[in-house]
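Asks: To be precise about what I am sending: the file is called structure_36.csv and holds CSV, N, CA and C atoms.
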chain,number,residue,atom,x,y,z
A,20,MET,N,36.5,77.5,359.8
A,20,MET,CA,36.7,78.2,358.5
A,20,MET,C,37.7,77.4,357.7
A,21,LYS,N,37.5,77.2,356.5
A,21,LYS,CA,38.4,76.5,355.6
A,21,LYS,C,39.5,77.3,355.2
A,22,SER,N,40.7,76.7,355.2
A,22,SER,CA,41.8,77.5,354.7
A,22,SER,C,42.1,77.1,353.2
A,23,ARG,N,42.4,78.1,352.5
A,23,ARG,CA,42.6,77.9,351.1
A,23,ARG,C,44.0,77.4,350.8
A,24,ARG,N,44.1,76.3,350.1
A,24,ARG,CA,45.4,75.8,349.8
A,24,ARG,C,45.8,76.2,348.4
A,25,ARG,N,47.0,76.7,348.2
A,25,ARG,CA,47.4,77.1,346.9
A,25,ARG,C,47.8,75.9,346.1
A,26,LYS,N,47.2,75.9,344.9
A,26,LYS,CA,47.4,74.8,344.0
A,26,LYS,C,48.8,74.9,343.3
A,27,ARG,N,49.7,73.9,343.5
A,27,ARG,CA,51.0,74.0,342.9
A,27,ARG,C,51.0,73.4,341.5
A,28,THR,N,51.7,74.1,340.7
A,28,THR,CA,51.8,73.6,339.3
A,28,THR,C,53.0,72.7,339.2
A,29,ASP,N,52.9,71.7,338.3
A,29,ASP,CA,54.0,70.8,338.1
A,29,ASP,C,55.2,71.5,337.5
A,30,PRO,N,56.4,71.2,338.0
A,30,PRO,CA,57.6,71.9,337.5
A,30,PRO,C,57.8,71.7,336.0
A,31,LYS,N,57.4,70.5,335.5
A,31,LYS,CA,57.6,70.3,334.0
A,31,LYS,C,56.6,71.1,333.2
A,32,LYS,N,55.4,71.3,333.8
A,32,LYS,CA,54.4,72.1,333.1
A,32,LYS,C,54.8,73.6,333.1
A,33,LYS,N,55.4,74.0,334.2
A,33,LYS,CA,55.9,75.4,334.3
A,33,LYS,C,57.0,75.7,333.3
A,34,ILE,N,57.9,74.7,333.2
A,34,ILE,CA,59.0,74.9,332.2
A,34,ILE,C,58.5,74.9,330.8
A,35,ALA,N,57.5,74.0,330.5
A,35,ALA,CA,57.0,74.0,329.1
A,35,ALA,C,56.3,75.3,328.8
A,36,ILE,N,55.5,75.9,329.7
A,36,ILE,CA,54.8,77.1,329.5
A,36,ILE,C,55.8,78.3,329.2
A,37,ILE,N,56.9,78.3,330.1
A,37,ILE,CA,57.9,79.4,329.9
A,37,ILE,C,58.6,79.2,328.6
A,38,SER,N,59.0,78.0,328.2
A,38,SER,CA,59.7,77.8,327.0
A,38,SER,C,58.8,78.2,325.8
A,39,ILE,N,57.5,77.9,325.8
A,39,ILE,CA,56.6,78.3,324.7
A,39,ILE,C,56.6,79.8,324.6
A,40,ILE,N,56.4,80.4,325.7
A,40,ILE,CA,56.4,81.9,325.7
A,40,ILE,C,57.7,82.5,325.2
A,41,LEU,N,58.8,82.0,325.6
A,41,LEU,CA,60.1,82.5,325.1
A,41,LEU,C,60.2,82.2,323.6
A,42,ILE,N,59.8,81.1,323.1
A,42,ILE,CA,59.9,80.8,321.7
A,42,ILE,C,59.0,81.8,320.9
A,43,LEU,N,57.8,82.1,321.4
A,43,LEU,CA,56.9,83.0,320.7
A,43,LEU,C,57.5,84.4,320.7
A,44,VAL,N,58.1,84.8,321.8
A,44,VAL,CA,58.8,86.2,321.9
A,44,VAL,C,59.9,86.2,320.9
A,45,TRP,N,60.7,85.1,320.8
A,45,TRP,CA,61.9,85.1,319.9
A,45,TRP,C,61.4,85.2,318.4
A,46,ILE,N,60.4,84.5,318.1
A,46,ILE,CA,59.8,84.5,316.7
A,46,ILE,C,59.3,85.9,316.4
A,47,SER,N,58.6,86.6,317.3
A,47,SER,CA,58.1,87.9,317.1
A,47,SER,C,59.3,88.9,316.9
A,48,ALA,N,60.3,88.8,317.8
A,48,ALA,CA,61.4,89.7,317.7
A,48,ALA,C,62.2,89.5,316.3
A,49,PHE,N,62.4,88.2,315.9
A,49,PHE,CA,63.0,88.0,314.6
A,49,PHE,C,62.2,88.5,313.5
A,50,TYR,N,60.9,88.4,313.5
A,50,TYR,CA,60.1,88.9,312.4
A,50,TYR,C,60.2,90.4,312.4
A,51,LEU,N,60.1,91.1,313.5
A,51,LEU,CA,60.2,92.6,313.5
A,51,LEU,C,61.6,93.0,313.0
A,52,TYR,N,62.7,92.3,313.4
A,52,TYR,CA,64.0,92.7,313.0
A,52,TYR,C,64.1,92.5,311.5
A,53,THR,N,63.7,91.4,310.9
A,53,THR,CA,63.8,91.2,309.5
A,53,THR,C,62.9,92.2,308.7
A,54,THR,N,61.8,92.6,309.2
A,54,THR,CA,60.9,93.5,308.6
A,54,THR,C,61.5,94.9,308.5
A,55,TYR,N,61.9,95.4,309.7
A,55,TYR,CA,62.4,96.8,309.8
A,55,TYR,C,63.9,97.0,309.5
A,56,SER,N,64.6,95.9,309.3
A,56,SER,CA,66.0,96.1,309.0
A,56,SER,C,66.3,96.6,307.6
A,57,GLN,N,65.2,96.4,306.7
A,57,GLN,CA,65.4,96.8,305.3
A,57,GLN,C,64.9,98.2,305.1
A,58,ILE,N,64.6,99.0,306.1
A,58,ILE,CA,64.1,100.3,306.0
A,58,ILE,C,65.2,101.3,306.3
A,59,LYS,N,65.4,102.3,305.4
A,59,LYS,CA,66.5,103.2,305.6
A,59,LYS,C,65.8,104.6,305.9
A,60,ILE,N,66.2,105.3,306.9
A,60,ILE,CA,65.7,106.6,307.3
A,60,ILE,C,66.7,107.6,307.1
A,61,GLU,N,66.4,108.6,306.2
A,61,GLU,CA,67.3,109.7,306.0
A,61,GLU,C,67.1,110.8,307.1
A,62,PRO,N,68.1,111.1,307.9
A,62,PRO,CA,67.9,112.1,309.0
A,62,PRO,C,67.7,113.5,308.5
A,63,ILE,N,68.2,113.8,307.3
A,63,ILE,CA,68.1,115.2,306.8
A,63,ILE,C,66.7,115.6,306.5
A,64,GLU,N,66.0,114.8,305.7
A,64,GLU,CA,64.6,115.1,305.3
A,64,GLU,C,63.6,114.2,306.0
A,65,TYR,N,64.0,113.2,306.8
A,65,TYR,CA,63.2,112.2,307.4
A,65,TYR,C,62.3,111.5,306.4
A,66,GLU,N,62.9,111.1,305.3
A,66,GLU,CA,62.2,110.3,304.3
A,66,GLU,C,62.6,108.9,304.5
A,67,THR,N,61.6,108.0,304.4
A,67,THR,CA,61.9,106.6,304.5
A,67,THR,C,61.8,105.9,303.1
A,68,THR,N,62.7,105.0,302.9
A,68,THR,CA,62.7,104.2,301.7
A,68,THR,C,63.0,102.8,302.0
A,69,LYS,N,62.4,101.9,301.3
A,69,LYS,CA,62.7,100.5,301.5
A,69,LYS,C,63.9,100.1,300.6
A,70,LEU,N,64.9,99.5,301.2
A,70,LEU,CA,66.1,99.2,300.5
A,70,LEU,C,66.0,98.0,299.5
A,71,SER,N,65.3,97.0,299.9
A,71,SER,CA,65.1,95.9,299.0
A,71,SER,C,63.7,95.4,299.1
A,72,SER,N,63.1,95.2,297.9
A,72,SER,CA,61.7,94.9,297.9
A,72,SER,C,61.5,93.5,297.3
A,73,THR,N,60.7,92.7,298.0
A,73,THR,CA,60.4,91.4,297.4
A,73,THR,C,59.1,91.3,296.7
A,74,GLU,N,58.4,92.5,296.8
A,74,GLU,CA,57.1,92.5,296.1
A,74,GLU,C,57.2,92.8,294.6
A,75,TYR,N,56.3,92.3,293.9
A,75,TYR,CA,56.2,92.5,292.4
A,75,TYR,C,55.7,93.9,292.2
A,76,GLU,N,56.5,94.7,291.4
A,76,GLU,CA,56.1,96.0,291.2
A,76,GLU,C,55.0,96.1,290.1
A,77,GLU,N,53.8,96.6,290.5
A,77,GLU,CA,52.7,96.6,289.6
A,77,GLU,C,52.6,98.0,289.0
A,78,THR,N,52.9,98.0,287.7
A,78,THR,CA,52.8,99.3,286.9
A,78,THR,C,51.7,99.1,285.9
A,79,VAL,N,51.4,100.2,285.2
A,79,VAL,CA,50.3,100.2,284.2
A,79,VAL,C,50.7,99.2,283.1
A,80,GLU,N,52.0,99.3,282.7
A,80,GLU,CA,52.4,98.5,281.6
A,80,GLU,C,52.3,97.0,282.0
A,81,ASN,N,52.7,96.6,283.2
A,81,ASN,CA,52.6,95.2,283.6
A,81,ASN,C,51.2,94.8,283.7
A,82,ALA,N,50.3,95.6,284.2
A,82,ALA,CA,48.9,95.3,284.3
A,82,ALA,C,48.3,95.1,282.9
A,83,GLU,N,48.6,95.9,282.0
A,83,GLU,CA,48.1,95.8,280.6
A,83,GLU,C,48.6,94.5,280.0
A,84,GLU,N,49.9,94.2,280.2
A,84,GLU,CA,50.5,93.0,279.6
A,84,GLU,C,49.8,91.8,280.2
A,85,ASN,N,49.6,91.8,281.5
A,85,ASN,CA,49.0,90.6,282.1
A,85,ASN,C,47.5,90.4,281.6
A,86,ASN,N,46.8,91.5,281.5
A,86,ASN,CA,45.4,91.5,281.0
A,86,ASN,C,45.4,90.9,279.5
A,87,GLN,N,46.4,91.3,278.7
A,87,GLN,CA,46.4,90.8,277.4
A,87,GLN,C,46.8,89.3,277.3
A,88,LEU,N,47.7,88.9,278.2
A,88,LEU,CA,48.0,87.5,278.3
A,88,LEU,C,46.8,86.7,278.7
A,89,VAL,N,46.0,87.1,279.7
A,89,VAL,CA,44.8,86.4,280.1
A,89,VAL,C,43.8,86.4,279.0
A,90,ALA,N,43.6,87.5,278.3
A,90,ALA,CA,42.7,87.5,277.2
A,90,ALA,C,43.1,86.5,276.1
A,91,ASP,N,44.4,86.5,275.8
A,91,ASP,CA,44.8,85.5,274.8
A,91,ASP,C,44.6,84.1,275.2
A,92,VAL,N,44.8,83.8,276.5
A,92,VAL,CA,44.6,82.4,276.9
A,92,VAL,C,43.1,82.0,276.9
A,93,ILE,N,42.3,83.0,277.3
A,93,ILE,CA,40.8,82.7,277.2
A,93,ILE,C,40.4,82.5,275.8
A,94,GLU,N,40.9,83.4,274.9
A,94,GLU,CA,40.5,83.3,273.5
A,94,GLU,C,40.9,81.9,272.9
A,95,LYS,N,42.1,81.4,273.3
A,95,LYS,CA,42.6,80.2,272.7
A,95,LYS,C,41.8,79.0,273.3
A,96,THR,N,41.4,79.1,274.5
A,96,THR,CA,40.6,77.9,275.1
A,96,THR,C,39.2,77.9,274.6
A,97,THR,N,38.6,79.0,274.2
A,97,THR,CA,37.2,79.0,273.8
A,97,THR,C,37.1,78.6,272.3
A,98,ARG,N,38.2,78.5,271.6
A,98,ARG,CA,38.1,78.1,270.2
A,98,ARG,C,37.8,76.7,270.0
Can I see the file as structure tokens?
Replies:
Amino acid sequence: MKSRRRKRTDPKKKIAIISIILILVWISAFYLYTTYSQIKIEPIEYETTKLSSTEYEETVENAEENNQLVADVIEKTTR
């Protein structure tokens, strides 16, 4: 009967795999921290609000203004 020999991994390869896993965990943790650190939760009413927003606020006025600008550019280029 053949005995199974356990295949040993190279110590350098093992260190490389562990370091890659640790780097990925650190990046994920940093992303979650930066994402959720800007959220404020009010304990009285349990309402959540975002403290600082990096997104462009899309309102009806902004959308109409952008549409008018696009229409003006198209009109100028077709002349």
Asks: Could you jot down the atom N of Ala82 (chain A) to atom N of Tyr55 (chain A) separation for me, Å, one decimal place?
Replies: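 Value for the atom N of Ala82 (chain A)-atom N of Tyr55 (chain A) distance: 28.0 Å.
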Asks: Could you tell me how far atom N of Thr54 (chain A) sits from atom C of Ile37 (chain A), in Å to one decimal place?
Replies: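 These atoms are spaced 23.8 Å apart.
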Asks: Go ahead and compute the interatomic distance for atom C of Ile42 (chain A) and atom N of Thr28 (chain A), in Å to one decimal.
Replies: 22.5 Å
